[in-house]
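Structure record follows, encoded as structure tokens.
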Protein chains: 2
Amino acid sequence: MDRRTFLCNLALGAAGLAVSRRVAAEADLAPFRAEIEKHHDEAVKRLQHWIAQPTIAAEKRGIEEGCELTIRMLQEAGFDTVRRVPSDGVPGIIATLDAGAPRTIGLYFMYDVKQADPAEWSSPPWEGRLVDKPGLGKVLVGRGATNQKGPEATFLSALHAFRGTGRKVPVNLVLVAEGEEEIGSPHFPQIVGNPQVRAALSKCTGVYMPFPSQDPNGLVTIYLGSKGVVELELVSSGEKWGRGSSHDIHSSYKASVDSPAWHLVQALHTLVSPDGNTPAIDGFADKARPLHGWEKKMIADATRNMDEATLKKLLGMQRWVHDLKFLEAQERLVSQPTVNIEGLVGGYTGPGGKTILPHKAVAKLDLRLVPEMTAAGAVDALKKHLAKRGFGDIEVNVTGGYGPNTTPADSALIRGMQSVYRKNGIVASLWPRLAGSWPGYVFTGEPLRLAAGHFGTGHGSGAHAPDEYYLIESSNPKVQGMDAATLSHVQYLYELASIN
Amino acid sequence: MDRRTFLCNLALGAAGLAVSRRVAAEADLAPFRAEIEKHHDEAVKRLQHWIAQPTIAAEKRGIEEGCELTIRMLQEAGFDTVRRVPSDGVPGIIATLDAGAPRTIGLYFMYDVKQADPAEWSSPPWEGRLVDKPGLGKVLVGRGATNQKGPEATFLSALHAFRGTGRKVPVNLVLVAEGEEEIGSPHFPQIVGNPQVRAALSKCTGVYMPFPSQDPNGLVTIYLGSKGVVELELVSSGEKWGRGSSHDIHSSYKASVDSPAWHLVQALHTLVSPDGNTPAIDGFADKARPLHGWEKKMIADATRNMDEATLKKLLGMQRWVHDLKFLEAQERLVSQPTVNIEGLVGGYTGPGGKTILPHKAVAKLDLRLVPEMTAAGAVDALKKHLAKRGFGDIEVNVTGGYGPNTTPADSALIRGMQSVYRKNGIVASLWPRLAGSWPGYVFTGEPLRLAAGHFGTGHGSGAHAPDEYYLIESSNPKVQGMDAATLSHVQYLYELASIN
């Protein structure tokens, strides 16, 4: 099925649902569809162009170029004012669109991406090549395709469609962007705390991030928040330890010289349960609150609509931790804080061996936090835990992090999402919180206290992994391609304009 | 002090010691000194040329070129026959020099080197640049400078000196070389087991490896054997484990998906004592025999001549394991088997972080073995240990290894060394065994049962580390530079020709 047929099917499917007071707006979608379809190639090229300009904060790569390009793209999409917001790290961006509307909606963008090792990819990560993916359709493969440039470019195409059709955007927009999301948004509080940014955001009903919300079967999950995250490195070195050597020495000396690598292993060993699945850091999860009854019910309701086999296949795995049943694994995913090893690097890491006693070894960890845990509390617990066990010399270098966030199910932002998905014939389940993390706390927390979430139809996968992709043309009628996802943002803005 | 002055001082120092029946030979050293000095620059260039052609078995780099160059160098040094010895891995070399002498001496060469990361070096590892090193003199910096091309090239210069002076080498020579020493000599038994090689070696009184035996203070240690070694990788993967994922996934899934990286950490944790200093692998050291009384005495005698502060400075460390006294640390170095982490590599290893749950993690280990342990026994114990604790899925990929070796103190090879060092005014202590490893077991074990050891004056350091160097021109009268070390090989061959 090609893109045109699909958009036609979508229209037919939606026809029977147009029963609310949004009939007027619904009727207006036809010109948007035509406009979006007409500029399809342009929209894909815009995304490819963005992907070809990676911004990787961890490597200080493409900062200026990525910021400039994003500013230009926002200007071209129709924002009235687009300004760089300086920070002590990578600059942020504030963009506003004054439509003279009664309601103002906030958008959250990130213009940075994770690293990518081209050797691990089947097509070049910075090319954005269109590839046929059996069972899905035509996908665009590239770093940032789904996380987050694909869905963000899709939102921008919706704004282009407003301009192209000569329609006024039905809400005012305040967009705030950062380029350090992938290193834990260390300076995003500073960006949002900028008086002009804060003043603009304070007028918003809520803030959302464009997101390809459909799974490969077309199902959507609406997240009422997310876990917090802390990223850090544990560095064990002879220098700080005062044992072992200050440079790599011949491994034969192991008999008489201490090993910072073993020191690190023994420290790591104490951080989790023997199976590696439960944090064992003293006091780490003391404030973690168990699931409410309504959260458990929400998980059970949503899980009934999910396909365990599809998810396991996507993840390339066979068994959940502890051989849990799917529902139990889902509850764990929502409710449990984690201590994860992202990377281990010490001594010789090349092919074969090299008989050295390394003077240094590093573990890269991420900690995921649930309400009512805090990033500062987690780091403090980790440091105390290590010190208490004789590992106080191991450096805890925090590279970024923030607490969890929560948004009420009855907020306009969430109800608007549910309405649009319903009108598109898409099953959308509420879910207590994303197991991943995004810095929504800067919006949901003091002083803004805004609703915050993710919205968008469409599909993508492979965030942070090789062959990350975003669906452009769907071969599955239940899953929307890029054009239909673009239309979903048009619909959502109309919905937000009118919802109580 | 320049090189000429130094050689002159050496001659004066040696004069009073010439009292044995080697007077004739001693008197003959003058033309050798002149010849070596005359061709000094040539000898340095030969070494630089060799260093510029790295052979790195772990990376399958420079195999052919390195083998060919070594063959050519042996031919030019005067060996009658030089032949490649095929193996299932990197080829070996056999070279013979028939001097028509009653005694035949074996030589062991390696033509491979460890890897080197140029970023860690203060001068390029493949250049062999001459650098002034305060307190030592002029050194040649390069990978293989001391381990083992420097001392090997020095031996070849001694043969050139025989040709240059028109003297006959006083013993027949059988030289066997390999290009996989740095990966644990996996095919050296096959090379030595070649019927022609074995037949040639069986005529030898013993086998030695050219070695820069002097420490920075000029002291020499004669090793009566070495520890054995096994190099291996422990590979923990979701695929083999049947838990976790088969590719890297987003780290938020840690709450419900197992982690092969934590699995590896928990397995590693069981391999050593909590301080990382004592192997805890079941049965690993059951056959390790404690030190004999005479070995303890030998260590005590030799340690009295050693400078603990200098050694600690060289190693860049402050405390021995368990805060042992120097003598205790030395006994441990000789007597204890070890389990060392050479390298840790898993998930994301670049700068900053990357929120993935890795599907695989690897620990590179080396195990050092003392008599009566065997390589096969050590690997078997490790595998059983892991299996017993629920880590049987972790792959144990052995890349090389062999058992320890021992040579009697009263062998001609060892007594000849002692004699030459004494004649050079150098304090040489006997030492039960090198804590490092070399595949001497192929000579000392069945069926050859030859004495085997290391010989040479001179100094070098930094084996396997950045800025590896070999002393060319010494500024310390107690330590010999390359020319004097060349002469020490001339002396040793004369000594071996006449000793009972």
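Identifiers in this document derive from the order of the structure tokens: chains are assigned A, B, ..., residues are numbered from 1 separately in each chain, and ligands are numbered from 1 in order of occurrence.
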
Show which residues sit within 7 Å of stretch 152-159 of chain B, as a list in words. Count only C-alpha atoms, and ignore same-chain residues fewer than 5 positions away.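 Here the answer would be Ala43, Leu47, Ala77, Gly78, Phe109, Pro210, Met482, Ala485, Thr486, Leu487, His489 and Val490 of chain B.
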
Within 8 Å of B:Leu175, counting only C-alpha atoms, which residues qualify if same-chain residues fewer than 5 places away don't, as an MDAnalysis selection string? chainID B and resid 93:96 106:109

Run DSSP on the backbone and give me the residues of stretch 65-144 of chain B it puts in strand (DSSP E or B), as a ChimeraX atom specification. /B:81-85,92-97,104-110,129-133,137-141

If the cut-off is 6 Å, can you tell me the residues of chain B near chain A, counting only C-alpha atoms? I'd like them as an mmCIF file with N, CA, C and O atoms, in the first residue's frame.
data_model
loop_
_atom_site.group_PDB
_atom_site.id
_atom_site.type_symbol
_atom_site.label_atom_id
_atom_site.label_comp_id
_atom_site.auth_asym_id
_atom_site.auth_seq_id
_atom_site.Cartn_x
_atom_site.Cartn_y
_atom_site.Cartn_z
ATOM 1 N N ALA B 58 48.118 -10.279 17.766
ATOM 2 C CA ALA B 58 46.737 -10.056 18.217
ATOM 3 C C ALA B 58 45.925 -9.334 17.147
ATOM 4 O O ALA B 58 44.718 -9.503 17.055
ATOM 5 N N ARG B 243 19.367 -15.002 28.532
ATOM 6 C CA ARG B 243 18.723 -13.923 29.289
ATOM 7 C C ARG B 243 19.288 -12.622 28.728
ATOM 8 O O ARG B 243 20.315 -12.616 28.077
ATOM 9 N N GLY B 244 18.612 -11.501 29.016
ATOM 10 C CA GLY B 244 19.076 -10.261 28.415
ATOM 11 C C GLY B 244 18.749 -10.281 26.942
ATOM 12 O O GLY B 244 18.054 -11.182 26.459
ATOM 13 N N SER B 245 19.242 -9.285 26.222
ATOM 14 C CA SER B 245 18.879 -9.134 24.813
ATOM 15 C C SER B 245 20.018 -9.576 23.906
ATOM 16 O O SER B 245 21.149 -9.741 24.352
ATOM 17 N N SER B 246 19.697 -9.740 22.639
ATOM 18 C CA SER B 246 20.713 -10.168 21.673
ATOM 19 C C SER B 246 21.353 -8.970 20.978
ATOM 20 O O SER B 246 22.255 -9.130 20.180
ATOM 21 N N SER B 252 16.519 1.865 29.758
ATOM 22 C CA SER B 252 15.335 1.912 30.617
ATOM 23 C C SER B 252 14.761 0.507 30.838
ATOM 24 O O SER B 252 14.070 0.266 31.820
ATOM 25 N N ALA B 255 14.946 -2.540 34.133
ATOM 26 C CA ALA B 255 14.010 -2.967 35.182
ATOM 27 C C ALA B 255 13.393 -4.328 34.874
ATOM 28 O O ALA B 255 13.039 -5.071 35.785
ATOM 29 N N SER B 256 13.285 -4.681 33.603
ATOM 30 C CA SER B 256 12.625 -5.951 33.266
ATOM 31 C C SER B 256 13.483 -6.882 32.417
ATOM 32 O O SER B 256 13.078 -8.004 32.135
ATOM 33 N N VAL B 257 14.674 -6.442 32.014
ATOM 34 C CA VAL B 257 15.537 -7.278 31.166
ATOM 35 C C VAL B 257 16.886 -7.482 31.868
ATOM 36 O O VAL B 257 17.454 -6.535 32.419
ATOM 37 N N ASP B 258 17.389 -8.713 31.835
ATOM 38 C CA ASP B 258 18.663 -9.027 32.484
ATOM 39 C C ASP B 258 19.836 -8.365 31.771
ATOM 40 O O ASP B 258 19.774 -8.061 30.579
ATOM 41 N N TRP B 262 26.198 -6.990 34.123
ATOM 42 C CA TRP B 262 26.149 -7.309 35.558
ATOM 43 C C TRP B 262 26.487 -8.782 35.792
ATOM 44 O O TRP B 262 27.141 -9.128 36.786
ATOM 45 N N GLN B 266 29.372 -10.005 38.305
ATOM 46 C CA GLN B 266 29.134 -10.919 39.422
ATOM 47 C C GLN B 266 29.983 -12.179 39.289
ATOM 48 O O GLN B 266 30.402 -12.754 40.302
ATOM 49 N N HIS B 269 33.622 -11.147 40.229
ATOM 50 C CA HIS B 269 33.699 -10.963 41.681
ATOM 51 C C HIS B 269 34.098 -12.250 42.410
ATOM 52 O O HIS B 269 34.773 -12.203 43.441
ATOM 53 N N GLY B 276 41.044 -8.339 45.798
ATOM 54 C CA GLY B 276 41.487 -8.532 44.417
ATOM 55 C C GLY B 276 42.868 -9.153 44.294
ATOM 56 O O GLY B 276 43.407 -9.278 43.187
ATOM 57 N N GLY B 316 55.594 3.275 39.556
ATOM 58 C CA GLY B 316 54.632 4.337 39.855
ATOM 59 C C GLY B 316 53.674 3.950 40.961
ATOM 60 O O GLY B 316 52.474 4.201 40.872
ATOM 61 N N MET B 317 54.186 3.301 42.012
ATOM 62 C CA MET B 317 53.290 2.877 43.087
ATOM 63 C C MET B 317 53.923 3.111 44.452
ATOM 64 O O MET B 317 55.124 3.354 44.575
ATOM 65 N N ARG B 319 52.527 1.364 47.660
ATOM 66 C CA ARG B 319 52.358 0.287 48.635
ATOM 67 C C ARG B 319 52.266 -1.056 47.929
ATOM 68 O O ARG B 319 51.607 -1.180 46.908
ATOM 69 N N TRP B 320 52.899 -2.073 48.510
ATOM 70 C CA TRP B 320 52.716 -3.428 48.007
ATOM 71 C C TRP B 320 51.362 -3.949 48.489
ATOM 72 O O TRP B 320 50.778 -3.380 49.413
ATOM 73 N N VAL B 321 50.860 -4.978 47.878
ATOM 74 C CA VAL B 321 49.590 -5.566 48.335
ATOM 75 C C VAL B 321 49.704 -5.879 49.824
ATOM 76 O O VAL B 321 50.783 -6.252 50.318
ATOM 77 N N ALA B 329 56.834 -8.931 49.806
ATOM 78 C CA ALA B 329 56.258 -8.665 48.478
ATOM 79 C C ALA B 329 57.035 -9.430 47.407
ATOM 80 O O ALA B 329 56.456 -9.949 46.443
ATOM 81 N N LEU B 333 55.735 -12.235 44.850
ATOM 82 C CA LEU B 333 55.927 -12.078 43.406
ATOM 83 C C LEU B 333 56.414 -13.385 42.783
ATOM 84 O O LEU B 333 55.966 -13.784 41.705
ATOM 85 N N THR B 338 48.450 -15.774 39.961
ATOM 86 C CA THR B 338 47.593 -14.574 39.954
ATOM 87 C C THR B 338 46.464 -14.704 38.940
ATOM 88 O O THR B 338 46.545 -15.470 37.981
ATOM 89 N N GLU B 342 43.299 -7.713 32.514
ATOM 90 C CA GLU B 342 44.069 -6.905 31.545
ATOM 91 C C GLU B 342 43.198 -5.798 30.983
ATOM 92 O O GLU B 342 43.669 -4.707 30.687
ATOM 93 N N GLY B 343 41.907 -6.150 30.788
ATOM 94 C CA GLY B 343 41.018 -5.184 30.150
ATOM 95 C C GLY B 343 39.563 -5.506 30.415
ATOM 96 O O GLY B 343 39.194 -6.659 30.606
ATOM 97 N N LEU B 344 38.764 -4.451 30.452
ATOM 98 C CA LEU B 344 37.315 -4.579 30.572
ATOM 99 C C LEU B 344 36.715 -3.837 29.399
ATOM 100 O O LEU B 344 37.092 -2.694 29.132
ATOM 101 N N VAL B 345 35.808 -4.476 28.696
ATOM 102 C CA VAL B 345 35.187 -3.772 27.574
ATOM 103 C C VAL B 345 33.768 -4.288 27.382
ATOM 104 O O VAL B 345 33.534 -5.472 27.182
ATOM 105 N N GLY B 346 32.840 -3.358 27.561
ATOM 106 C CA GLY B 346 31.447 -3.751 27.401
ATOM 107 C C GLY B 346 30.605 -2.533 27.121
ATOM 108 O O GLY B 346 30.866 -1.452 27.650
ATOM 109 N N GLY B 347 29.613 -2.685 26.271
ATOM 110 C CA GLY B 347 28.692 -1.599 25.993
ATOM 111 C C GLY B 347 29.394 -0.403 25.405
ATOM 112 O O GLY B 347 30.276 -0.520 24.554
ATOM 113 N N TYR B 348 29.047 0.762 25.926
ATOM 114 C CA TYR B 348 29.575 2.001 25.374
ATOM 115 C C TYR B 348 30.888 2.353 26.070
ATOM 116 O O TYR B 348 30.944 2.461 27.286
ATOM 117 N N THR B 349 31.936 2.547 25.286
ATOM 118 C CA THR B 349 33.262 2.780 25.871
ATOM 119 C C THR B 349 33.844 4.142 25.488
ATOM 120 O O THR B 349 34.983 4.439 25.825
ATOM 121 N N GLY B 352 31.944 10.342 27.663
ATOM 122 C CA GLY B 352 30.601 10.573 28.192
ATOM 123 C C GLY B 352 29.839 9.276 28.370
ATOM 124 O O GLY B 352 30.430 8.214 28.533
ATOM 125 N N THR B 355 22.969 5.752 27.173
ATOM 126 C CA THR B 355 22.043 4.979 27.995
ATOM 127 C C THR B 355 21.564 3.713 27.293
ATOM 128 O O THR B 355 20.433 3.605 26.855
ATOM 129 N N ILE B 356 22.485 2.748 27.228
ATOM 130 C CA ILE B 356 22.134 1.438 26.669
ATOM 131 C C ILE B 356 22.270 0.353 27.727
ATOM 132 O O ILE B 356 22.996 0.505 28.706
ATOM 133 N N LEU B 357 21.549 -0.727 27.474
ATOM 134 C CA LEU B 357 21.737 -1.968 28.221
ATOM 135 C C LEU B 357 22.504 -2.878 27.258
ATOM 136 O O LEU B 357 21.936 -3.378 26.295
ATOM 137 N N ALA B 435 58.523 -13.408 37.441
ATOM 138 C CA ALA B 435 57.068 -13.358 37.658
ATOM 139 C C ALA B 435 56.328 -13.229 36.332
ATOM 140 O O ALA B 435 55.160 -13.571 36.224
ATOM 141 N N GLY B 436 57.035 -12.726 35.333
ATOM 142 C CA GLY B 436 56.493 -12.720 33.983
ATOM 143 C C GLY B 436 56.619 -14.116 33.396
ATOM 144 O O GLY B 436 56.968 -15.069 34.097
#

Neighbouring residues of B:Cys67 were defined as those with any atom within 9 Å, considering only C-alpha atoms; residues of the same chain fewer than 3 positions away were excluded. Please report them as a count of residues only. 16

Surrounding residues of A:Phe32 excluding itself and chain neighbours under 2 positions, 9 Å, only C-alpha atoms, as an NGL selection string: :A and (28-30 or 34-37 or 158 or 161-162 or 164-165 or 487 or 490)

Could you take the residues named above and write them with N, CA and C atoms, as a CSV table (one decimal), in the first residue's frame?
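After the write, selection_10.csv holds the following:
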chain,number,residue,atom,x,y,z
A,28,ASP,N,-12.0,20.4,8.1
A,28,ASP,CA,-11.0,21.2,7.5
A,28,ASP,C,-9.7,20.3,7.2
A,29,LEU,N,-9.7,19.1,7.6
A,29,LEU,CA,-8.4,18.3,7.5
A,29,LEU,C,-8.0,18.0,6.0
A,30,ALA,N,-9.1,17.9,5.1
A,30,ALA,CA,-8.8,17.6,3.8
A,30,ALA,C,-7.7,18.4,3.1
A,34,ALA,N,-3.9,17.1,1.7
A,34,ALA,CA,-3.4,17.4,0.3
A,34,ALA,C,-2.0,18.1,0.4
A,35,GLU,N,-2.0,19.1,1.3
A,35,GLU,CA,-0.8,19.9,1.4
A,35,GLU,C,0.4,19.0,1.9
A,36,ILE,N,0.2,18.2,2.9
A,36,ILE,CA,1.2,17.3,3.5
A,36,ILE,C,1.7,16.4,2.4
A,37,GLU,N,0.8,15.8,1.7
A,37,GLU,CA,1.1,14.8,0.7
A,37,GLU,C,1.9,15.4,-0.4
A,158,ALA,N,3.9,19.8,10.1
A,158,ALA,CA,2.5,20.2,10.4
A,158,ALA,C,2.4,21.7,10.4
A,161,ALA,N,2.4,22.9,7.0
A,161,ALA,CA,1.1,22.6,6.3
A,161,ALA,C,0.1,23.7,6.7
A,162,PHE,N,0.2,24.3,7.9
A,162,PHE,CA,-0.6,25.5,8.3
A,162,PHE,C,-0.3,26.6,7.3
A,164,GLY,N,1.1,26.4,4.4
A,164,GLY,CA,0.8,26.1,3.0
A,164,GLY,C,-0.7,26.2,2.7
A,165,THR,N,-1.5,25.9,3.7
A,165,THR,CA,-2.9,25.9,3.4
A,165,THR,C,-3.5,27.3,3.8
A,487,LEU,N,-0.2,14.9,10.1
A,487,LEU,CA,-1.6,15.3,10.3
A,487,LEU,C,-2.1,15.2,11.7
A,490,VAL,N,-1.6,18.4,13.5
A,490,VAL,CA,-2.6,19.4,13.1
A,490,VAL,C,-3.8,19.1,13.9
